[in-house]
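For reference, structure24.txt (compact mmCIF, C-alpha atoms (C1' of nucleotides)):
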```txt
# COMPACT_ATOMS: atom_id res chain seq x y z
CA MET R 1201 -67.65 101.47 124.83
CA GLN R 1202 -64.56 101.84 126.87
CA ASP R 1203 -62.72 105.16 126.75
CA GLU R 1204 -63.96 108.73 126.50
CA LEU R 1205 -62.45 109.43 123.13
CA SER R 1206 -64.19 106.44 121.61
CA GLN R 1207 -67.46 107.64 123.10
CA LYS R 1208 -66.98 111.03 121.55
CA PHE R 1209 -66.22 109.72 118.10
CA ALA R 1210 -69.06 107.23 118.31
CA ALA R 1211 -71.40 110.05 119.25
CA LEU R 1212 -70.21 112.03 116.24
CA ALA R 1213 -70.73 109.06 113.94
CA ASP R 1214 -74.38 109.82 113.44
CA PRO R 1215 -75.79 112.53 111.19
CA THR R 1216 -78.75 113.17 113.49
CA ARG R 1217 -76.43 113.87 116.39
CA ARG R 1218 -74.17 116.05 114.28
CA ALA R 1219 -77.23 118.00 113.22
CA MET R 1220 -78.11 118.46 116.88
CA ILE R 1221 -74.63 119.76 117.54
CA ALA R 1222 -75.02 122.17 114.65
CA ARG R 1223 -78.32 123.30 116.08
CA LEU R 1224 -76.85 123.83 119.53
CA TYR R 1225 -74.02 125.78 118.04
CA GLN R 1226 -76.60 128.43 117.20
CA GLY R 1227 -77.40 128.62 120.88
CA ARG R 1228 -78.79 126.70 123.84
CA ALA R 1229 -82.13 124.97 123.38
CA THR R 1230 -84.60 122.78 125.22
CA VAL R 1231 -85.10 119.14 124.32
CA SER R 1232 -88.36 119.99 122.57
CA GLU R 1233 -86.74 122.72 120.54
CA ILE R 1234 -83.97 120.42 119.47
CA ALA R 1235 -86.42 117.65 118.72
CA GLU R 1236 -88.78 119.73 116.61
CA PRO R 1237 -87.03 119.36 113.22
CA PHE R 1238 -86.63 115.62 113.73
CA LEU R 1239 -90.13 114.70 114.85
CA GLU R 1240 -91.26 113.98 111.29
CA ARG R 1241 -88.53 111.40 111.06
CA MET R 1242 -88.43 109.92 114.55
CA SER R 1243 -90.13 109.88 117.93
CA LEU R 1244 -89.32 112.00 120.96
CA PRO R 1245 -87.78 109.12 122.89
CA ALA R 1246 -85.38 108.62 120.01
CA VAL R 1247 -84.32 112.25 120.34
CA THR R 1248 -83.91 111.83 124.08
CA LYS R 1249 -81.62 108.88 123.45
CA HIS R 1250 -79.48 110.78 120.98
CA LEU R 1251 -79.10 113.61 123.45
CA GLN R 1252 -78.12 111.13 126.13
CA VAL R 1253 -75.41 109.78 123.88
CA LEU R 1254 -74.11 113.30 123.31
CA GLU R 1255 -74.29 114.02 127.02
CA ARG R 1256 -72.48 110.86 128.08
CA ALA R 1257 -69.82 111.61 125.51
CA GLY R 1258 -69.30 114.99 127.10
CA LEU R 1259 -70.20 116.91 123.96
CA VAL R 1260 -73.39 118.38 125.39
CA THR R 1261 -74.53 119.37 128.86
CA LYS R 1262 -78.09 119.41 130.12
CA THR R 1263 -79.45 121.55 132.94
CA GLN R 1264 -82.93 121.52 134.36
CA ASP R 1265 -85.08 124.62 134.23
CA ALA R 1266 -88.50 123.87 135.70
CA GLN R 1267 -89.93 121.07 133.61
CA ARG R 1268 -87.69 121.94 130.69
CA ARG R 1269 -84.21 120.57 130.07
CA VAL R 1270 -81.92 123.09 128.50
CA CYS R 1271 -79.03 121.75 126.45
CA ASP R 1272 -75.72 123.43 125.74
CA LEU R 1273 -72.73 122.44 123.72
CA ASN R 1274 -69.60 121.61 125.66
CA PRO R 1275 -66.77 123.14 123.62
CA GLU R 1276 -64.13 121.36 125.69
CA GLY R 1277 -65.65 118.03 124.81
CA ILE R 1278 -65.40 118.66 121.12
CA GLN R 1279 -61.94 120.08 121.60
CA GLU R 1280 -60.82 116.76 123.01
CA ALA R 1281 -62.02 114.92 119.95
CA ALA R 1282 -60.53 117.55 117.67
CA ALA R 1283 -57.20 117.24 119.45
CA PHE R 1284 -56.75 113.68 118.26
CA LEU R 1285 -57.14 114.64 114.64
CA GLU R 1286 -55.27 117.86 115.11
CA GLN R 1287 -52.05 116.13 116.09
CA TYR R 1288 -52.00 114.52 112.66
CA ARG R 1289 -53.41 117.37 110.68
CA GLN R 1290 -50.65 119.72 111.71
CA ALA R 1291 -47.82 117.42 110.80
CA TRP R 1292 -49.49 116.59 107.52
CA GLU R 1293 -49.76 120.20 106.61
CA GLU R 1294 -46.02 120.41 106.90
CA SER R 1295 -45.49 117.44 104.66
CA LEU R 1296 -48.05 118.81 102.22
CA ASP R 1297 -46.13 122.04 102.19
CA ARG R 1298 -42.93 120.15 101.53
CA LEU R 1299 -44.63 118.26 98.73
CA GLY R 1300 -45.93 121.50 97.33
CA GLU R 1301 -42.46 122.94 97.18
CA TYR R 1302 -41.16 119.83 95.54
CA LEU R 1303 -43.85 119.95 92.90
CA LYS R 1304 -43.16 123.59 92.31
CA SER R 1305 -39.51 122.82 91.80
CA VAL R 1306 -40.37 120.16 89.24
CA SER R 1307 -43.08 121.88 87.24
CA ALA R 1308 -44.97 125.00 88.08
CA ASN R 1309 -48.37 124.05 86.66
CA GLU R 1310 -48.47 120.62 88.29
CA ALA R 1311 -49.21 122.22 91.62
CA LYS R 1312 -52.98 122.16 91.42
CA ALA R 1313 -53.38 118.80 89.70
CA GLY R 1314 -52.06 116.03 91.93
CA ARG R 1315 -55.32 114.09 92.17
CA LYS R 1316 -55.63 111.47 89.46
CA LYS R 1317 -54.57 108.25 91.09
CA THR R 1318 -52.04 109.53 93.56
CA HIS R 1319 -54.53 110.94 95.99
CA GLY R 1320 -52.28 109.86 98.77
CA ARG R 1321 -49.13 111.78 99.29
CA LYS R 1322 -47.29 109.31 101.49
CA LYS R 1323 -43.80 108.11 100.77
CA GLN R 1324 -42.59 111.48 101.91
CA ALA R 1325 -39.34 109.76 102.84
CA GLU R 1326 -38.34 108.45 99.48
CA MET T 718 -73.93 103.50 107.88
CA GLN T 719 -75.00 106.13 105.46
CA ASP T 720 -72.66 109.03 104.79
CA GLU T 721 -68.89 109.26 104.56
CA LEU T 722 -68.44 111.47 107.57
CA SER T 723 -70.32 109.03 109.78
CA GLN T 724 -68.12 106.24 108.48
CA LYS T 725 -65.01 108.20 109.36
CA PHE T 726 -66.12 109.00 112.88
CA ALA T 727 -67.31 105.45 113.44
CA ALA T 728 -63.93 104.20 112.28
CA LEU T 729 -62.24 106.53 114.75
CA ALA T 730 -64.48 105.37 117.58
CA ASP T 731 -62.29 102.38 118.36
CA PRO T 732 -59.00 102.48 120.26
CA THR T 733 -57.54 99.64 118.22
CA ARG T 734 -58.14 101.50 115.00
CA ARG T 735 -56.80 104.74 116.42
CA ALA T 736 -53.68 102.85 117.48
CA MET T 737 -53.36 101.58 113.91
CA ILE T 738 -53.60 105.12 112.63
CA ALA T 739 -50.92 106.16 115.09
CA ARG T 740 -48.76 103.30 113.88
CA LEU T 741 -49.25 104.24 110.25
CA TYR T 742 -48.40 107.80 111.02
CA GLN T 743 -44.87 106.56 111.69
CA GLY T 744 -44.80 105.25 108.15
CA ARG T 745 -46.37 102.76 105.77
CA ALA T 746 -46.59 99.17 106.90
CA THR T 747 -47.86 95.80 105.76
CA VAL T 748 -50.88 94.17 107.33
CA SER T 749 -48.61 91.81 109.26
CA GLU T 750 -46.51 94.64 110.59
CA ILE T 751 -49.57 96.50 111.72
CA ALA T 752 -51.04 93.36 113.21
CA GLU T 753 -47.98 92.37 115.19
CA PRO T 754 -48.60 94.41 118.37
CA PHE T 755 -52.23 93.31 118.46
CA LEU T 756 -51.83 89.58 117.95
CA GLU T 757 -51.64 88.91 121.66
CA ARG T 758 -55.03 90.48 122.02
CA MET T 759 -56.80 89.43 118.84
CA SER T 760 -56.56 87.27 115.77
CA LEU T 761 -55.32 88.28 112.34
CA PRO T 762 -58.77 88.28 110.78
CA ALA T 763 -59.85 90.78 113.41
CA VAL T 764 -56.99 93.03 112.33
CA THR T 765 -57.98 92.61 108.70
CA LYS T 766 -61.48 93.70 109.58
CA HIS T 767 -60.31 96.78 111.42
CA LEU T 768 -58.17 97.75 108.45
CA GLN T 769 -61.13 97.27 106.17
CA VAL T 770 -63.16 99.64 108.28
CA LEU T 771 -60.39 102.22 108.07
CA GLU T 772 -60.08 101.68 104.35
CA ARG T 773 -63.81 101.98 103.64
CA ALA T 774 -63.85 105.14 105.72
CA GLY T 775 -61.15 106.58 103.49
CA LEU T 776 -58.68 107.00 106.32
CA VAL T 777 -56.25 104.39 105.05
CA THR T 778 -55.29 103.13 101.61
CA LYS T 779 -54.03 99.67 100.78
CA THR T 780 -51.87 98.71 97.83
CA GLN T 781 -50.71 95.27 96.86
CA ASP T 782 -47.00 94.45 96.71
CA ALA T 783 -46.56 90.78 95.82
CA GLN T 784 -48.35 88.82 98.51
CA ARG T 785 -48.07 91.70 100.93
CA ARG T 786 -50.59 94.49 101.36
CA VAL T 787 -49.00 97.78 102.19
CA CYS T 788 -51.12 100.29 104.09
CA ASP T 789 -50.78 104.04 104.11
CA LEU T 790 -52.62 106.76 105.92
CA ASN T 791 -54.80 108.97 103.79
CA PRO T 792 -54.25 112.45 105.21
CA GLU T 793 -57.08 113.86 103.13
CA GLY T 794 -59.48 111.43 104.73
CA ILE T 795 -58.59 112.52 108.23
CA GLN T 796 -58.71 116.12 107.11
CA GLU T 797 -62.33 115.67 106.17
CA ALA T 798 -63.20 114.43 109.64
CA ALA T 799 -61.11 117.14 111.24
CA ALA T 800 -62.91 119.77 109.17
CA PHE T 801 -66.19 119.06 110.88
CA LEU T 802 -64.76 119.68 114.32
CA GLU T 803 -62.60 122.49 113.10
CA GLN T 804 -65.54 124.63 112.09
CA TYR T 805 -66.65 124.66 115.72
CA ARG T 806 -63.25 124.73 117.32
CA GLN T 807 -62.30 127.96 115.64
CA ALA T 808 -65.38 129.84 116.68
CA TRP T 809 -65.12 128.44 120.17
CA GLU T 810 -61.59 129.58 120.50
CA GLU T 811 -62.88 133.06 120.04
CA SER T 812 -65.52 132.66 122.70
CA LEU T 813 -63.03 130.96 125.00
CA ASP T 814 -60.73 133.90 124.49
CA ARG T 815 -63.55 136.17 125.43
CA LEU T 816 -64.26 134.04 128.46
CA GLY T 817 -60.58 134.03 129.32
CA GLU T 818 -60.50 137.76 129.33
CA TYR T 819 -63.56 137.84 131.49
CA LEU T 820 -62.04 135.43 133.99
CA LYS T 821 -58.83 137.38 134.03
CA SER T 822 -60.80 140.46 134.86
CA VAL T 823 -62.47 138.64 137.73
CA SER T 824 -59.59 136.69 139.26
CA ALA T 825 -56.15 136.05 137.86
CA ASN T 826 -55.42 132.62 139.34
CA GLU T 827 -58.67 131.00 138.25
CA ALA T 828 -57.41 130.78 134.71
CA LYS T 829 -55.75 127.35 134.90
CA ALA T 830 -58.13 125.65 137.33
CA GLY T 831 -61.52 125.28 135.67
CA ARG T 832 -61.81 121.48 136.03
CA LYS T 833 -63.34 120.42 139.32
CA LYS T 834 -67.01 119.98 138.58
CA THR T 835 -67.53 122.78 136.12
CA HIS T 836 -65.87 121.13 133.20
CA GLY T 837 -68.29 122.93 130.93
CA ARG T 838 -68.08 126.62 130.36
CA LYS T 839 -71.33 127.08 128.48
CA LYS T 840 -73.75 129.95 128.92
CA GLN T 841 -71.29 132.21 127.17
CA ALA T 842 -74.20 134.44 126.31
CA GLU T 843 -75.34 135.33 129.75
C1' DC Z 717 -45.36 71.38 90.61
C1' DG Z 718 -45.71 71.67 95.86
C1' DG Z 719 -45.07 74.10 100.00
C1' DT Z 720 -44.97 78.36 102.61
C1' DT Z 721 -46.17 82.96 103.52
C1' DA Z 722 -49.64 86.79 103.58
C1' DA Z 723 -53.93 87.99 103.93
C1' DT Z 724 -58.90 87.59 103.03
C1' DT Z 725 -63.36 85.29 103.21
C1' DA Z 726 -66.94 82.44 105.40
C1' DA Z 727 -69.83 81.26 109.00
C1' DC Z 728 -71.03 82.05 113.29
C1' DC Z 729 -71.92 84.35 117.96
C1' DA Z 730 -72.54 87.83 121.90
C1' DG Z 731 -73.50 92.22 122.79
C1' DG Z 732 -74.47 97.03 121.44
C1' DT Z 733 -77.24 100.63 118.72
C1' DG Z 734 -81.21 103.02 116.92
C1' DG Z 735 -85.65 102.81 116.54
C1' DT Z 736 -90.50 101.80 118.15
C1' DT Z 737 -94.90 102.19 121.50
C1' DA Z 738 -96.56 102.51 125.99
C1' DT Z 739 -95.94 104.04 130.55
C1' DC Z 740 -94.19 106.81 134.14
C1' DT Z 741 -92.20 111.02 136.64
C1' DG Z 742 -91.95 115.69 137.62
C1' DT Z 743 -93.30 120.50 137.45
C1' DC Z 744 -96.29 124.17 136.49
C1' DA Z 745 -100.95 126.38 136.30
C1' DT Z 746 -105.48 126.61 138.01
C1' DA V 200 -105.74 118.47 144.18
C1' DT V 201 -106.12 118.16 139.00
C1' DG V 202 -104.85 118.33 134.63
C1' DA V 203 -101.62 119.37 131.16
C1' DC V 204 -96.98 119.81 129.62
C1' DA V 205 -91.94 118.26 129.10
C1' DG V 206 -89.22 114.65 129.19
C1' DA V 207 -87.34 110.15 130.73
C1' DT V 208 -87.83 105.06 131.31
C1' DA V 209 -89.26 100.41 130.11
C1' DA V 210 -89.60 96.75 127.18
C1' DC V 211 -88.99 95.18 122.96
C1' DC V 212 -87.12 94.51 118.11
C1' DA V 213 -83.99 94.45 113.78
C1' DC V 214 -79.65 95.22 112.52
C1' DC V 215 -74.73 96.23 112.97
C1' DT V 216 -70.10 95.40 115.23
C1' DG V 217 -66.18 93.09 116.94
C1' DG V 218 -64.61 89.03 117.84
C1' DT V 219 -63.85 83.91 117.03
C1' DT V 220 -62.12 79.48 114.18
C1' DA V 221 -61.72 77.23 109.93
C1' DA V 222 -61.16 77.38 105.15
C1' DT V 223 -59.68 79.86 100.96
C1' DT V 224 -57.10 82.68 97.74
C1' DA V 225 -52.97 84.42 95.89
C1' DA V 226 -48.02 85.02 95.22
C1' DC V 227 -43.51 83.74 95.94
C1' DC V 228 -39.67 80.15 96.51
C1' DG V 229 -37.38 75.99 95.29
```
How would this structure read if it were set down as structure tokens?
Amino acid sequence: MQDELSQKFAALADPTRRAMIARLYQGRATVSEIAEPFLERMSLPAVTKHLQVLERAGLVTKTQDAQRRVCDLNPEGIQEAAAFLEQYRQAWEESLDRLGEYLKSVSANEAKAGRKKTHGRKKQAE
Amino acid sequence: MQDELSQKFAALADPTRRAMIARLYQGRATVSEIAEPFLERMSLPAVTKHLQVLERAGLVTKTQDAQRRVCDLNPEGIQEAAAFLEQYRQAWEESLDRLGEYLKSVSANEAKAGRKKTHGRKKQAE
DNA sequence: CGGTTAATTAACCAGGTGGTTATCTGTCAT
DNA sequence: ATGACAGATAACCACCTGGTTAATTAACCG
């Protein structure tokens, strides 16, 4: 797994890890605390591995406190992944706005439909 | 690969595929056109596979035009991936703002540094 | 029809991922 | 020091991924 961004997206491509992120969003937690809801489904070493993936991806940080490891989210890490998508999202919003205006100009009650087969809205330059 | 969101993130976890998305952002293109910059590095079937991953993830749509396949980005698809990160980003922005104010109150010229070893800024509740 | 272009499918392979159990390393409490 | 607790590491396995080459499908052009 070469670059950082790929690592981040790969780390996010797992529901268990996303659930861990959601958990950590509520506040810092030890490995055991994070593991607890998952231990019916998987072993502790599996949890450790998931956390390592998140850590290596820079989405989570771990600090030692006695024999406990306390995990925190790393907002910057997620920001970096979000930034990739954001650069597209913004521009698309514009084009969606433009499309919206166009639709309004054609027919007022078409505005909320627009999702039968044409669920793309490309060909903005046509 | 279970859920849709995982599929999307997994699809994004590859620089080749992200480059394809970037290419398609410039406008729709056929498989050959998309493949062209990559053919020094990999074969056409490899490109086909990457596009299939993007298509299955709902990030790209493909439509047939004679013997050509024309690919488009699916903004909605990327939106759905962005939404996951967005829910955290927003709230973090708030806490980063709060942190920013705190730092400003401590030392004015620390604001733009913040990336030597301490590339986290967790423990916001301390 | 026959050839060419465009792209997919098939079959295969090396290496990575997600899980397991069993073992080991620290750190605290006594 | 000893034992228990918290977690990481080791060794292994099944499956998925990203790539390959070769063969196949499908549509257009004469």
For a quick test of understanding: name the residues of chain T lying within 12 Å of chain Z when counting all atoms listed in the file, and present them as a PyMOL selection string. chain T and resi 718+747-750+752+761-766+768-769+781-787
Would you mind listing, as a short mmCIF file (atom, residue, chain, number, x, y, z; two decimals) with C-alpha atoms (C1' of nucleotides), keeping the file's coordinate frame, all residues of chain V that have at least one atom within 9 Å of chain T, where all atoms listed in the file are what counts?
```
data_model
loop_
_atom_site.label_atom_id
_atom_site.label_comp_id
_atom_site.auth_asym_id
_atom_site.auth_seq_id
_atom_site.Cartn_x
_atom_site.Cartn_y
_atom_site.Cartn_z
"C1'" DC V 215 -74.73 96.23 112.97
"C1'" DG V 217 -66.18 93.09 116.94
"C1'" DG V 218 -64.61 89.03 117.84
"C1'" DT V 219 -63.85 83.91 117.03
"C1'" DA V 225 -52.97 84.42 95.89
"C1'" DA V 226 -48.02 85.02 95.22
"C1'" DC V 227 -43.51 83.74 95.94
#
```
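Between CA of Arg1223 (chain R) and C1' of DA205 (chain V) the interatomic distance comes to 19.5 Å.
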Which of these residues is nearest to chain R, using all atoms listed in the file: T:Ala774, T:Leu802, T:Val823, T:Cys788?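 Counting all atoms listed in the file, the residue closest to chain R is T:Leu802.
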Point-to-point distance from CA of Ile1278 (chain R) to CA of Leu729 (chain T), Å rounded to tenths: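 Going from CA of Ile1278 (chain R) over to CA of Leu729 (chain T) covers 14.1 Å.
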Contacts of Ala1281 (chain R) at 10 Å or less, counting only C-alpha atoms (C1' of nucleotides), minus same-chain residues fewer than 2 places along, as a PyMOL selection string? (chain R and resi 1204-1209+1212+1259+1276-1279+1283-1286) or (chain T and resi 729+799+802)
For CA of Asp1272 (chain R) and CA of Arg1228 (chain R), quote the distance in Å rounded to one decimal.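 CA of Arg1228 (chain R) lies 4.9 Å from CA of Asp1272 (chain R).
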Could you check the closest approach to Ala727 (chain T) for each of T:Gly775, T:Glu818, T:Trp809, T:Leu790 and tell me which residue wins, using all atoms listed in the file?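 With all atoms listed in the file as the atom set, the closest residue is T:Gly775.
Considering the residues R:Asn1274, R:Met1220, R:Pro1237, R:Gln1226 and counting only C-alpha atoms, chain T has its shortest atom-to-atom contact with R:Asn1274.
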Minimum-distance residue to chain T, chosen among R:Arg1241, R:Arg1256, R:Ala1219, R:Tyr1288 (using all atoms listed in the file):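 Using all atoms listed in the file, chain T sits closest to R:Tyr1288.
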Tell me which of T:Glu810, T:Asp731, T:Glu797, T:Glu757 sits closest to chain R, counting only C-alpha atoms.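 Among the listed residues, the smallest separation from chain R belongs to T:Asp731.
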